[in-house]
Amino acid sequence: MDSNKGVILESEADNAEASKSGTGNILEGSGQITTEEEVFGEGQLVEVANDEDDFNQAWWFAATIVKPVGNNRYLIRYETLGTEGDTGFVEKEMNSLHIRPPPPHIPVPHQFKMFDNVNALYKGGWCMGVIIQVLSGGSKYEVYLDNQGKMEFKHSDLRLHQDWINGKWTKPSP
């Protein structure tokens with residue numbers, strides 16, 4: 001830990017093969033190598049997938065790009081995950097495949113409905129789920145979260161789910 005900044009640095013061991021692949025990608029079937037431009041800039045707010053503990057990218061955390069480090073990798077600083085001594089926020093090197101911009105703001109309905117696809121703010125990150133019951137006049141909901149099961153959430157801790165596909169945000173089909 002850097003005692004001046006209160007930051008823990010980590011690296012993604014499970015993405016070692018991505019960093020070994022060089023600075024470009026091979027286009028399928030062509031044998032041609034392309035270089036990817038830097039997609040994210042220093043200071044940009046993003047969301048990063050927690051790929052540890054078998055979350056399968058179901059859990060996204062707010063973060064800031066500290067700097068690009070090359071080979072489609074970035075040093076990010078989590079906005080909600082503090083260091084062990086709560087002296088700062090965790091920094092980690094991430095592959096760009098696990099980074100996306102925050103979704104655009106969609107006005108939250110006055111009340112969610114049964115079976116709405118939502119993201120729930122849980123333990124500092126956004127986890128995908130489905131409304132399975134509306135409680136107490138629509139201010140609380142029972143949500144089934146991927147990898148977590150059934151949980152109760154306040155209206156303010158939910159947002160409508162959107163998918164990040166091919167560099168664009170889309171609303172899932174009902």
# chains A, B, ... in the order shown; residues from 1 in each chain; ligands from 1
call {"tool": "residues_around", "arguments": {"residues": "His161 of chain A", "least_positions_apart": "6", "cutoff": "7 Å", "atoms": "only C-alpha atoms", "output": "mmCIF file with N, CA and C atoms, in the first residue's frame"}}
result
data_model
loop_
_atom_site.group_PDB
_atom_site.id
_atom_site.type_symbol
_atom_site.label_atom_id
_atom_site.label_comp_id
_atom_site.auth_asym_id
_atom_site.auth_seq_id
_atom_site.Cartn_x
_atom_site.Cartn_y
_atom_site.Cartn_z
ATOM 1 N N ASN A 117 -36.635 -5.498 -15.281
ATOM 2 C CA ASN A 117 -35.204 -5.765 -15.161
ATOM 3 C C ASN A 117 -34.552 -4.522 -14.568
ATOM 4 N N VAL A 118 -33.845 -4.696 -13.461
ATOM 5 C CA VAL A 118 -33.242 -3.571 -12.759
ATOM 6 C C VAL A 118 -31.795 -3.884 -12.404
ATOM 7 N N ASN A 119 -31.081 -2.831 -12.002
ATOM 8 C CA ASN A 119 -29.797 -2.962 -11.336
ATOM 9 C C ASN A 119 -30.024 -2.452 -9.930
ATOM 10 N N LYS A 171 -31.804 -0.784 -24.166
ATOM 11 C CA LYS A 171 -32.730 -1.322 -23.168
ATOM 12 C C LYS A 171 -33.075 -2.738 -23.600
#
call {"tool": "closest_residue", "arguments": {"among": "A:Met151, A:Ala120, A:Leu145, A:Ile65", "to": "Ile99 of chain A", "atoms": "only C-alpha atoms"}}
result
A:Ile65
call {"tool": "residues_around", "arguments": {"residues": "Pro68 of chain A", "least_positions_apart": "3", "cutoff": "10 Å", "atoms": "only C-alpha atoms", "output": "ChimeraX atom specification"}}
result
/A:38-42,65,71-76,93-94,96
call {"tool": "select_by_dssp", "arguments": {"residues": "segment 56-159 of chain A", "states": "strand (DSSP E or B)", "output": "count of residues only"}}
result
62
call {"tool": "residues_around", "arguments": {"residues": "Pro102 of chain A", "least_positions_apart": "6", "cutoff": "8 Å", "atoms": "only C-alpha atoms", "output": "list in words"}}
result
Leu45, Val46, Glu47 and Ala62 of chain A
call {"tool": "atom_distance", "arguments": {"atom1": "atom CA of Phe112 of chain A", "atom2": "atom CA of Gly138 of chain A"}}
result
7.2 Å
call {"tool": "residues_around", "arguments": {"residues": "Leu81 of chain A", "least_positions_apart": "3", "cutoff": "6 Å", "atoms": "only C-alpha atoms", "output": "list of chain:residue names"}}
result
A:Tyr78, A:Phe89, A:Val90
call {"tool": "write_last_selection", "arguments": {"atoms": "C-alpha atoms", "output": "PDB file, in the first residue's frame"}}
result
ATOM      1  CA  TYR A  78     -12.916   2.521  -7.473  1.00  0.00           C
ATOM      2  CA  PHE A  89      -9.931   3.930  -2.541  1.00  0.00           C
ATOM      3  CA  VAL A  90      -8.677   0.737  -4.164  1.00  0.00           C
TER       4      VAL A  90
END
call {"tool": "atom_distance", "arguments": {"atom1": "atom CA of Gly88 of chain A", "atom2": "atom CA of His155 of chain A"}}
result
28.9 Å
call {"tool": "residues_around", "arguments": {"residues": "Ser139 of chain A", "least_positions_apart": "3", "cutoff": "8 Å", "atoms": "only C-alpha atoms", "output": "number ranges by chain"}}
result
A: 111, 135-136, 154-155
